[in-house]
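So this block is data_37.txt, compact mmCIF, C-alpha atoms:
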# COMPACT_ATOMS: atom_id res chain seq x y z
CA MET Q 1 -17.10 -24.82 0.12
CA GLU Q 2 -14.89 -22.85 1.63
CA PRO Q 3 -8.38 -20.28 4.84
CA LEU Q 4 -7.49 -11.53 10.44
CA ASP Q 5 -6.63 -9.82 13.26
CA PRO Q 6 -2.85 -10.02 13.47
CA GLU Q 7 -0.46 -7.90 15.40
CA PRO Q 8 3.17 -7.27 14.40
CA GLU Q 9 5.54 -10.04 15.42
CA PRO Q 10 8.88 -8.65 16.56
CA THR Q 11 10.77 -11.90 16.98
CA PRO Q 12 10.40 -15.40 15.53
CA ALA Q 13 9.82 -18.30 17.85
CA PRO Q 14 9.15 -22.02 17.48
CA LEU Q 15 5.38 -22.01 17.91
CA ALA Q 16 3.19 -24.99 18.48
CA ALA Q 17 0.18 -25.53 16.29
CA PRO Q 18 -1.16 -28.47 14.33
CA ALA Q 19 0.57 -28.81 11.01
CA GLY Q 20 -1.26 -27.65 7.93
CA VAL Q 21 -3.81 -25.52 9.75
CA VAL Q 22 -4.36 -21.96 8.59
CA ASP Q 23 -4.05 -20.66 12.09
CA PRO Q 24 -5.04 -17.00 12.29
CA ASP Q 25 -3.73 -16.49 15.81
CA PRO Q 26 -0.46 -14.61 16.19
CA PRO Q 27 2.06 -15.75 18.82
CA ALA Q 28 0.72 -15.74 22.34
CA SER Q 29 3.13 -13.09 23.51
CA LEU Q 30 1.83 -10.74 20.84
CA ALA Q 31 -1.92 -11.28 21.02
CA PRO Q 32 -3.38 -10.20 24.33
CA SER Q 33 -6.87 -11.31 23.40
CA GLU Q 34 -5.65 -14.88 22.85
CA SER Q 35 -2.84 -15.13 25.39
CA SER Q 36 -4.43 -13.55 28.44
CA PRO Q 37 -5.77 -15.87 31.11
CA PRO Q 38 -9.53 -16.35 31.12
CA GLY Q 39 -11.45 -13.74 32.98
CA PRO Q 40 -9.63 -10.41 32.54
CA PRO Q 41 -11.76 -7.30 32.16
CA ASN Q 42 -11.48 -7.16 28.37
CA ARG Q 43 -12.73 -10.77 28.10
CA ALA Q 44 -15.46 -10.24 30.64
CA ARG Q 45 -17.19 -7.86 28.25
CA ILE Q 46 -17.25 -10.38 25.39
CA GLY Q 47 -20.50 -12.29 25.19
CA PRO Q 48 -20.94 -15.98 24.33
CA LEU Q 49 -21.78 -15.29 20.68
CA ARG Q 50 -18.73 -13.10 20.27
CA GLU Q 51 -16.59 -15.83 21.84
CA LEU Q 52 -17.91 -18.32 19.30
CA LEU Q 53 -17.26 -15.97 16.38
CA ASP Q 54 -13.82 -15.15 17.72
CA MET Q 55 -13.08 -18.86 18.10
CA ILE Q 56 -13.59 -19.46 14.37
CA LYS Q 57 -12.12 -16.08 13.33
CA PHE Q 58 -15.31 -15.30 11.41
CA GLU Q 59 -13.85 -12.14 9.88
CA HIS Q 60 -11.19 -14.16 8.05
CA THR Q 61 -13.68 -15.27 5.42
CA VAL Q 62 -12.00 -12.49 3.40
CA PHE Q 63 -9.42 -15.04 2.23
CA ALA Q 64 -11.79 -17.02 0.00
CA LEU Q 65 -14.82 -14.76 -0.46
CA PRO Q 66 -13.35 -12.55 -3.24
CA PHE Q 67 -12.56 -15.65 -5.28
CA ALA Q 68 -16.10 -16.94 -4.79
CA LEU Q 69 -17.47 -13.61 -6.01
CA LEU Q 70 -15.05 -13.68 -8.94
CA GLY Q 71 -16.29 -17.16 -9.84
CA ALA Q 72 -19.86 -15.85 -9.76
CA ILE Q 73 -19.26 -12.80 -11.94
CA GLY Q 74 -17.05 -14.82 -14.27
CA ALA Q 75 -19.79 -17.37 -14.86
CA ALA Q 76 -22.41 -14.63 -15.28
CA GLN Q 77 -20.12 -12.39 -17.37
CA GLY Q 78 -21.37 -9.58 -15.19
CA LEU Q 79 -23.50 -9.35 -12.09
CA PRO Q 80 -25.19 -12.63 -11.08
CA PRO Q 81 -28.76 -12.56 -9.77
CA LEU Q 82 -29.01 -11.11 -6.26
CA ARG Q 83 -30.72 -14.25 -4.94
CA THR Q 84 -27.85 -16.41 -6.21
CA SER Q 85 -25.25 -14.07 -4.74
CA LEU Q 86 -26.90 -14.18 -1.32
CA TRP Q 87 -27.06 -17.98 -1.31
CA ILE Q 88 -23.39 -18.13 -2.34
CA LEU Q 89 -22.54 -15.87 0.59
CA LEU Q 90 -24.54 -18.06 2.97
CA ALA Q 91 -22.88 -21.21 1.62
CA MET Q 92 -19.47 -19.63 2.24
CA VAL Q 93 -20.38 -18.64 5.79
CA GLY Q 94 -21.83 -22.06 6.57
CA ALA Q 95 -18.90 -23.99 5.11
CA ARG Q 96 -16.23 -21.94 6.84
CA THR Q 97 -18.08 -21.94 10.15
CA ALA Q 98 -18.36 -25.71 10.04
CA ALA Q 99 -14.73 -26.20 8.98
CA MET Q 100 -13.19 -23.92 11.60
CA THR Q 101 -15.41 -25.18 14.41
CA PHE Q 102 -14.59 -28.79 13.60
CA ASN Q 103 -10.90 -27.89 13.53
CA ARG Q 104 -11.11 -26.32 16.98
CA LEU Q 105 -12.98 -29.36 18.34
CA VAL Q 106 -10.61 -32.02 17.03
CA ASP Q 107 -7.52 -30.03 18.04
CA VAL Q 108 -8.65 -28.94 21.49
CA ASP Q 109 -6.17 -31.23 23.29
CA VAL Q 110 -3.24 -30.08 21.17
CA ASP Q 111 -4.27 -26.45 21.60
CA ALA Q 112 -4.40 -26.90 25.37
CA GLU Q 113 -0.73 -28.00 25.40
CA ASN Q 114 0.43 -25.24 23.12
CA PRO Q 115 1.43 -22.02 24.97
CA ARG Q 116 0.34 -19.99 21.96
CA THR Q 117 -3.14 -21.51 21.75
CA ALA Q 118 -3.88 -22.60 25.32
CA SER Q 119 -5.97 -19.49 25.90
CA ARG Q 120 -8.25 -20.11 22.96
CA ALA Q 121 -11.92 -20.23 23.82
CA LEU Q 122 -12.32 -24.03 23.88
CA PRO Q 123 -9.20 -25.13 25.81
CA ALA Q 124 -9.57 -22.15 28.16
CA GLY Q 125 -13.18 -23.07 28.91
CA ARG Q 126 -14.79 -19.85 27.68
CA VAL Q 127 -16.75 -21.88 25.12
CA SER Q 128 -18.18 -25.31 25.94
CA LYS Q 129 -17.84 -28.28 23.63
CA LEU Q 130 -21.64 -28.42 23.47
CA ALA Q 131 -21.78 -24.84 22.21
CA ALA Q 132 -19.07 -25.56 19.65
CA MET Q 133 -20.86 -28.71 18.47
CA THR Q 134 -24.07 -26.72 18.14
CA LEU Q 135 -22.27 -24.14 16.02
CA LEU Q 136 -20.82 -26.95 13.92
CA GLY Q 137 -24.31 -28.28 13.30
CA VAL Q 138 -25.61 -24.84 12.38
CA GLY Q 139 -22.76 -24.37 9.90
CA ILE Q 140 -23.41 -27.74 8.23
CA ILE Q 141 -27.16 -27.11 7.99
CA LEU Q 142 -26.65 -23.62 6.58
CA PHE Q 143 -24.19 -24.90 4.00
CA GLY Q 144 -26.48 -27.76 2.99
CA ALA Q 145 -29.51 -25.48 2.68
CA ALA Q 146 -27.58 -23.00 0.56
CA ALA Q 147 -26.13 -25.73 -1.67
CA GLY Q 148 -29.63 -27.10 -2.23
CA ALA Q 149 -31.01 -23.67 -3.05
CA LEU Q 150 -28.24 -23.03 -5.58
CA GLY Q 151 -29.09 -25.97 -7.81
CA PRO Q 152 -28.97 -29.73 -8.30
CA LEU Q 153 -25.26 -29.94 -9.08
CA THR Q 154 -24.17 -27.90 -6.05
CA TRP Q 155 -26.48 -30.04 -3.92
CA ALA Q 156 -25.04 -33.25 -5.35
CA LEU Q 157 -21.47 -32.09 -4.72
CA SER Q 158 -22.11 -30.75 -1.20
CA PRO Q 159 -21.37 -34.05 0.64
CA LEU Q 160 -17.98 -34.27 -1.10
CA ALA Q 161 -17.29 -30.66 -0.18
CA LEU Q 162 -18.07 -31.38 3.47
CA VAL Q 163 -15.77 -34.40 3.50
CA ILE Q 164 -12.93 -32.23 2.21
CA ILE Q 165 -13.41 -29.19 4.43
CA LEU Q 166 -13.96 -31.24 7.59
CA GLY Q 167 -11.50 -34.02 6.79
CA TYR Q 168 -8.68 -31.58 6.29
CA SER Q 169 -8.42 -31.07 10.07
CA LEU Q 170 -7.47 -34.73 10.47
CA CYS Q 171 -4.91 -34.90 7.66
CA LYS Q 172 -1.96 -33.54 9.62
CA ARG Q 173 -2.04 -36.68 11.72
CA PHE Q 174 -1.02 -38.91 8.82
CA THR Q 175 0.24 -36.83 5.87
CA ALA Q 176 2.53 -33.86 5.30
CA TRP Q 177 0.28 -32.78 2.43
CA ALA Q 178 -2.40 -31.37 4.69
CA HIS Q 179 -1.48 -27.96 3.24
CA VAL Q 180 -2.71 -29.14 -0.16
CA VAL Q 181 -5.95 -30.43 1.33
CA LEU Q 182 -6.46 -27.01 2.88
CA GLY Q 183 -5.91 -25.50 -0.56
CA LEU Q 184 -8.46 -27.91 -1.98
CA SER Q 185 -10.93 -26.75 0.67
CA LEU Q 186 -10.60 -23.09 -0.27
CA SER Q 187 -10.54 -23.84 -3.98
CA GLY Q 188 -14.12 -25.06 -3.69
CA ALA Q 189 -15.28 -21.47 -3.14
CA PRO Q 190 -14.81 -20.16 -6.71
CA LEU Q 191 -15.71 -23.51 -8.27
CA GLY Q 192 -18.92 -23.80 -6.28
CA ALA Q 193 -19.88 -20.20 -7.05
CA TRP Q 194 -19.29 -20.78 -10.76
CA ILE Q 195 -21.45 -23.90 -10.70
CA ALA Q 196 -24.15 -22.06 -8.75
CA VAL Q 197 -24.43 -19.44 -11.51
CA SER Q 198 -23.87 -21.53 -14.65
CA GLY Q 199 -25.05 -24.95 -13.51
CA ARG Q 200 -21.95 -26.65 -14.89
CA ILE Q 201 -18.19 -27.01 -14.48
CA GLU Q 202 -16.19 -25.05 -17.05
CA ALA Q 203 -12.49 -24.63 -17.80
CA PRO Q 204 -12.05 -21.05 -16.49
CA ALA Q 205 -13.51 -22.10 -13.14
CA LEU Q 206 -11.02 -24.95 -12.90
CA TRP Q 207 -8.09 -22.63 -13.60
CA LEU Q 208 -9.32 -20.11 -11.04
CA SER Q 209 -9.82 -22.83 -8.44
CA ALA Q 210 -6.47 -24.49 -9.16
CA GLY Q 211 -4.81 -21.14 -8.55
CA VAL Q 212 -6.54 -20.81 -5.18
CA LEU Q 213 -5.41 -24.34 -4.27
CA ALA Q 214 -1.75 -23.64 -5.08
CA TRP Q 215 -1.78 -20.18 -3.46
CA THR Q 216 -3.34 -21.48 -0.24
CA ALA Q 217 -0.99 -24.45 0.04
CA GLY Q 218 1.97 -22.14 -0.57
CA PHE Q 219 1.13 -19.64 2.14
CA ASP Q 220 0.12 -22.34 4.63
CA ILE Q 221 3.54 -23.95 4.22
CA LEU Q 222 5.13 -20.61 5.07
CA TYR Q 223 3.01 -20.21 8.18
CA SER Q 224 3.81 -23.76 9.27
CA LEU Q 225 7.51 -22.90 9.37
CA GLN Q 226 6.82 -21.53 12.84
CA ASP Q 227 5.85 -24.99 14.04
CA GLU Q 228 8.59 -27.08 12.44
CA ALA Q 229 10.20 -28.19 15.72
CA PHE Q 230 6.90 -28.70 17.51
CA ASP Q 231 5.46 -30.79 14.68
CA ARG Q 232 8.44 -33.11 14.84
CA SER Q 233 8.23 -33.38 18.62
CA ARG Q 234 4.54 -34.26 18.51
CA GLY Q 235 4.67 -36.53 15.47
CA LEU Q 236 2.49 -34.17 13.45
CA HIS Q 237 3.04 -34.00 9.72
CA SER Q 238 3.86 -30.89 7.72
CA ILE Q 239 6.04 -29.91 4.80
CA PRO Q 240 8.50 -27.98 7.02
CA SER Q 241 8.88 -30.91 9.41
CA LYS Q 242 9.38 -33.26 6.47
CA LEU Q 243 11.57 -31.18 4.12
CA GLY Q 244 13.09 -28.67 6.53
CA THR Q 245 13.03 -24.90 6.18
CA ARG Q 246 14.91 -24.67 2.89
CA GLY Q 247 12.85 -27.36 1.19
CA ALA Q 248 9.61 -25.84 2.45
CA LEU Q 249 10.58 -22.40 1.14
CA TYR Q 250 11.37 -23.78 -2.31
CA LEU Q 251 8.12 -25.72 -2.47
CA SER Q 252 6.11 -22.69 -1.35
CA ARG Q 253 7.71 -20.56 -4.06
CA GLY Q 254 6.94 -23.20 -6.65
CA LEU Q 255 3.31 -23.37 -5.58
CA HIS Q 256 2.94 -19.61 -5.80
CA LEU Q 257 4.38 -19.68 -9.32
CA VAL Q 258 1.81 -22.35 -10.20
CA ALA Q 259 -0.93 -20.14 -8.73
CA LEU Q 260 0.14 -17.24 -10.95
CA LEU Q 261 0.22 -19.51 -13.99
CA CYS Q 262 -3.29 -20.79 -13.25
CA TRP Q 263 -4.67 -17.29 -12.71
CA GLY Q 264 -2.96 -16.18 -15.91
CA MET Q 265 -4.76 -18.99 -17.75
CA PHE Q 266 -8.00 -17.84 -16.14
CA ASN Q 267 -7.40 -14.31 -17.44
CA HIS Q 268 -6.59 -15.69 -20.88
CA GLN Q 269 -9.73 -17.82 -21.06
CA MET Q 270 -11.86 -14.93 -19.79
CA VAL Q 271 -10.27 -12.73 -22.50
CA GLY Q 272 -8.96 -10.33 -19.88
CA HIS Q 273 -7.64 -6.94 -20.92
CA LEU Q 274 -5.81 -4.17 -19.11
CA TRP Q 275 -7.55 -4.21 -15.74
CA ALA Q 276 -7.67 -8.00 -15.31
CA TRP Q 277 -3.96 -8.22 -16.07
CA ALA Q 278 -3.17 -5.22 -13.88
CA GLY Q 279 -4.76 -7.13 -11.01
CA TRP Q 280 -2.68 -10.19 -11.93
CA VAL Q 281 0.55 -8.15 -11.94
CA ALA Q 282 -0.32 -6.63 -8.55
CA VAL Q 283 -0.98 -10.11 -7.13
CA ALA Q 284 2.35 -11.33 -8.55
CA ALA Q 285 4.11 -8.44 -6.81
CA MET Q 286 2.42 -9.23 -3.50
CA LEU Q 287 3.34 -12.91 -3.72
CA ALA Q 288 6.93 -11.94 -4.52
CA ARG Q 289 6.94 -9.63 -1.52
CA GLU Q 290 5.51 -12.40 0.67
CA GLN Q 291 8.26 -14.79 -0.36
CA TRP Q 292 10.93 -12.12 0.03
CA LEU Q 293 9.92 -11.40 3.63
CA VAL Q 294 10.63 -15.01 4.66
CA ARG Q 295 13.34 -15.77 2.08
CA SER Q 296 15.90 -17.06 4.58
CA GLY Q 297 13.48 -18.65 7.01
CA ASP Q 298 13.44 -15.50 9.13
CA LEU Q 299 9.92 -15.31 10.57
CA THR Q 300 10.18 -11.80 11.98
CA HIS Q 301 7.75 -10.53 9.34
CA ILE Q 302 5.51 -13.61 9.11
CA ASP Q 303 2.42 -11.64 10.11
CA GLN Q 304 2.92 -9.17 7.27
CA ALA Q 305 3.64 -11.98 4.83
CA PHE Q 306 0.78 -14.20 5.92
CA PHE Q 307 -2.03 -11.98 7.15
CA THR Q 308 -1.64 -8.58 5.50
CA LEU Q 309 -0.61 -9.63 2.01
CA ASN Q 310 -2.76 -12.74 1.73
CA SER Q 311 -5.87 -10.89 2.87
CA LEU Q 312 -5.37 -8.48 -0.05
CA ILE Q 313 -4.60 -10.93 -2.85
CA GLY Q 314 -8.14 -12.10 -3.48
CA LEU Q 315 -9.51 -8.57 -3.17
CA VAL Q 316 -6.99 -7.17 -5.67
CA PHE Q 317 -7.52 -9.93 -8.24
CA PHE Q 318 -11.29 -9.60 -7.90
CA ALA Q 319 -11.07 -5.80 -8.18
CA GLY Q 320 -9.21 -6.05 -11.49
CA HIS Q 321 -11.93 -8.20 -13.04
CA ALA Q 322 -14.78 -6.26 -11.45
CA LEU Q 323 -13.34 -3.01 -12.79
CA GLU Q 324 -13.01 -4.51 -16.24
CA TYR Q 325 -16.61 -5.73 -16.26
CA TRP Q 326 -17.77 -2.30 -15.13
CA LEU Q 327 -15.70 -0.44 -17.71
CA SER Q 328 -16.92 -2.73 -20.47
CA LYS Q 329 -20.23 -0.91 -20.12
CA SER Q 330 -18.56 2.45 -20.60
CA LEU Q 331 -16.58 4.40 -23.18
CA LEU Q 332 -13.39 2.96 -21.67
CA ALA Q 333 -14.16 -0.54 -22.92
CA PRO Q 334 -11.18 -0.61 -25.35
CA LEU Q 335 -8.85 -0.44 -22.34
Would you give me this structure, written as structure tokens?
Amino acid sequence: MEPLDPEPEPTPAPLAAPAGVVDPDPPASLAPSESSPPGPPNRARIGPLRELLDMIKFEHTVFALPFALLGAIGAAQGLPPLRTSLWILLAMVGARTAAMTFNRLVDVDVDAENPRTASRALPAGRVSKLAAMTLLGVGIILFGAAAGALGPLTWALSPLALVIILGYSLCKRFTAWAHVVLGLSLSGAPLGAWIAVSGRIEAPALWLSAGVLAWTAGFDILYSLQDEAFDRSRGLHSIPSKLGTRGALYLSRGLHLVALLCWGMFNHQMVGHLWAWAGWVAVAAMLAREQWLVRSGDLTHIDQAFFTLNSLIGLVFFAGHALEYWLSKSLLAPL
């Protein structure tokens, strides 16, 4: 179940990327490692494995991992067994590896035509399709093995999870709601972790996962604003290309309000106290800041809004609950 290395973006530009994709690459003019032609000295030192990991932006697992860990500690009401935690981590790695690799494979032709993405590993020829397909297979096998090790329900649900996380890459070709499918993909992380620990689906897990869905869809809509003109020109579907900038901004704000409501319900059902709600307030402030940075459709600060803030949201919300669980064992429990 399942989605950063940005650099500051001084000026907005109509960028070309498939609609609905959480694309971690900054504009070509601002990312030397992605925009440079194949073969410069800095690329020559990167080995094949590093190219593969860079292709799928392996380090960006930080988006969903804190929510998966929160689902695990929420179900366990403390620390889950180490074995379970390790299998959850492996399931996350396998699912995201498979999803991102499949996305790169199905979009290789579009990426090759896009000035921003033409220098990616696959269209630039630094990674072969065979190598990418092998990595895809490894990711699927790892995810399946982990799902099986985590219990009968996670194993039974794993085919559905694969359909969602892989099928999302195709959605932009026929629906503007690909952003929501992406949110559904990431929302499986906390839900799957909860099921892995408790063996069942419970209401707090659904609220936590629903919040992840709405949050992800909201920030992906913002990022897709960069590609509004390109999506229309290529017949790709996205909320910005369908509703325009103003409509997309309003919908993104609404989704982030829904995310806060869902996470508030999660806190309520988990009987959260000071630290859980402090994390919630901090997340609300970061989402407000994210929306403020792009309030008029100005994408000058899109990297700060998308990469910096979103990479912290899960960590901050998790930290609030983790701190509360830790303090519940101490004299500060009344707080």
Please provide as a ChimeraX atom specification all residues within 12 Å of Gly148 (chain Q), with the sequence filter that same-chain residues fewer than 2 positions apart are discarded (counting only C-alpha atoms). /Q:84,87-88,90-91,141-146,150-159,192,196
Have a look at CA of Met100 (chain Q) and CA of Gln226 (chain Q) and let me know their distance in Å, one decimal. 20.2 Å
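In this comparison, which uses only C-alpha atoms, the residue of Q:Phe230, Q:Phe317, Q:Trp263, Q:Phe67 approaching Pro115 (chain Q) most closely is Q:Phe230.
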Atom pair CA of Gly235 (chain Q) + CA of Val294 (chain Q), distance 24.8 Å
Please put the answer as JSON: centre and edge lengths, in Å with one decimal, of a box along x, y and z that encloses all listed atoms of region 253-260 of chain Q plus 5 Å on each side.
{"center_x": 3.4, "center_y": -20.3, "center_z": -7.5, "size_x": 18.6, "size_y": 16.1, "size_z": 16.9}
For the atom pair CA of Ala176 (chain Q) and CA of Asp220 (chain Q), what is the interatomic distance in Å to one decimal place?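 These two atoms are separated by 11.8 Å.
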Write out as a PyMOL selection string the residues lying within 12 Å of Leu251 (chain Q), counting only C-alpha atoms and excluding same-chain residues fewer than 5 positions away. chain Q and resi 177+179-180+214-215+217-222+239-240+242-246+256-258+291
With C-alpha atoms retained, export the selected residues as a PDB file, in the coordinates of the input.
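For reference, out.pdb as written:
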ATOM      1  CA  TRP Q 177       0.280 -32.780   2.430  1.00  0.00           C
ATOM      2  CA  HIS Q 179      -1.480 -27.960   3.240  1.00  0.00           C
ATOM      3  CA  VAL Q 180      -2.710 -29.140  -0.160  1.00  0.00           C
ATOM      4  CA  ALA Q 214      -1.750 -23.640  -5.080  1.00  0.00           C
ATOM      5  CA  TRP Q 215      -1.780 -20.180  -3.460  1.00  0.00           C
ATOM      6  CA  ALA Q 217      -0.990 -24.450   0.040  1.00  0.00           C
ATOM      7  CA  GLY Q 218       1.970 -22.140  -0.570  1.00  0.00           C
ATOM      8  CA  PHE Q 219       1.130 -19.640   2.140  1.00  0.00           C
ATOM      9  CA  ASP Q 220       0.120 -22.340   4.630  1.00  0.00           C
ATOM     10  CA  ILE Q 221       3.540 -23.950   4.220  1.00  0.00           C
ATOM     11  CA  LEU Q 222       5.130 -20.610   5.070  1.00  0.00           C
ATOM     12  CA  ILE Q 239       6.040 -29.910   4.800  1.00  0.00           C
ATOM     13  CA  PRO Q 240       8.500 -27.980   7.020  1.00  0.00           C
ATOM     14  CA  LYS Q 242       9.380 -33.260   6.470  1.00  0.00           C
ATOM     15  CA  LEU Q 243      11.570 -31.180   4.120  1.00  0.00           C
ATOM     16  CA  GLY Q 244      13.090 -28.670   6.530  1.00  0.00           C
ATOM     17  CA  THR Q 245      13.030 -24.900   6.180  1.00  0.00           C
ATOM     18  CA  ARG Q 246      14.910 -24.670   2.890  1.00  0.00           C
ATOM     19  CA  HIS Q 256       2.940 -19.610  -5.800  1.00  0.00           C
ATOM     20  CA  LEU Q 257       4.380 -19.680  -9.320  1.00  0.00           C
ATOM     21  CA  VAL Q 258       1.810 -22.350 -10.200  1.00  0.00           C
ATOM     22  CA  GLN Q 291       8.260 -14.790  -0.360  1.00  0.00           C
TER      23      GLN Q 291
END
Nearest candidate to Leu260 (chain Q) (options Q:Val197, Q:Leu287, Q:Ile164, Q:Met92; using only C-alpha atoms):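 For Leu260 (chain Q), the nearest of the candidates is Q:Leu287.
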Proximity to Gly279 (chain Q) - best of Q:Leu213, Q:Leu184, Q:Leu323, Q:Ala76, all atoms listed in the file: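 Ranked by minimum distance to Gly279 (chain Q), first place goes to Q:Leu323.
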Please identify all polymer residues lying at most 12 Å from the point (-6.6, -6.7, -17.5) (file coordinates), using only C-alpha atoms, and present the result as a PyMOL selection string. chain Q and resi 263-264+266-268+270-282+316-325+327-328+333-335
Would you mind telling me which residue in Q:Leu162, Q:Leu186, Q:Leu52, Q:Leu299 lies nearest to Thr101 (chain Q) when using all atoms listed in the file?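 For Thr101 (chain Q), the nearest of the given residues is Q:Leu52.
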Using all atoms listed in the file, can you tell me which of Q:Gly297, Q:Gly254, Q:Pro190, Q:Gly199 comes closest to Pro66 (chain Q)?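 When distances to Pro66 (chain Q) are compared using all atoms listed in the file, the smallest one comes from Q:Pro190.
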Between Q:Pro123, Q:Gly78, Q:Gly139, Q:Gly71, smallest distance to Phe102 (chain Q) by all atoms listed in the file belongs to Q:Gly139
Show me, as a list in words, the residues that have an atom within 8 Å of Ser209 (chain Q) when counting only C-alpha atoms, minus same-chain residues fewer than 4 positions from it.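 These residues fall inside the cut-off: Ser187, Gly188, Ala189, Pro190, Leu191, Ala205 and Leu213 of chain Q.
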Can you write out the residues you just picked, keeping C-alpha atoms, as an mmCIF file, in the frame of the given file?
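Contents of the output file result.cif:
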data_model
loop_
_atom_site.group_PDB
_atom_site.id
_atom_site.type_symbol
_atom_site.label_atom_id
_atom_site.label_comp_id
_atom_site.auth_asym_id
_atom_site.auth_seq_id
_atom_site.Cartn_x
_atom_site.Cartn_y
_atom_site.Cartn_z
ATOM 1 C CA SER Q 187 -10.540 -23.840 -3.980
ATOM 2 C CA GLY Q 188 -14.120 -25.060 -3.690
ATOM 3 C CA ALA Q 189 -15.280 -21.470 -3.140
ATOM 4 C CA PRO Q 190 -14.810 -20.160 -6.710
ATOM 5 C CA LEU Q 191 -15.710 -23.510 -8.270
ATOM 6 C CA ALA Q 205 -13.510 -22.100 -13.140
ATOM 7 C CA LEU Q 213 -5.410 -24.340 -4.270
#
Residues within 10 Å of (2.1, -13.0, 5.5), file coords, only C-alpha atoms, listed as number ranges by chain: Q: 6, 219-220, 222-223, 286-287, 289-291, 293-294, 299, 301-311
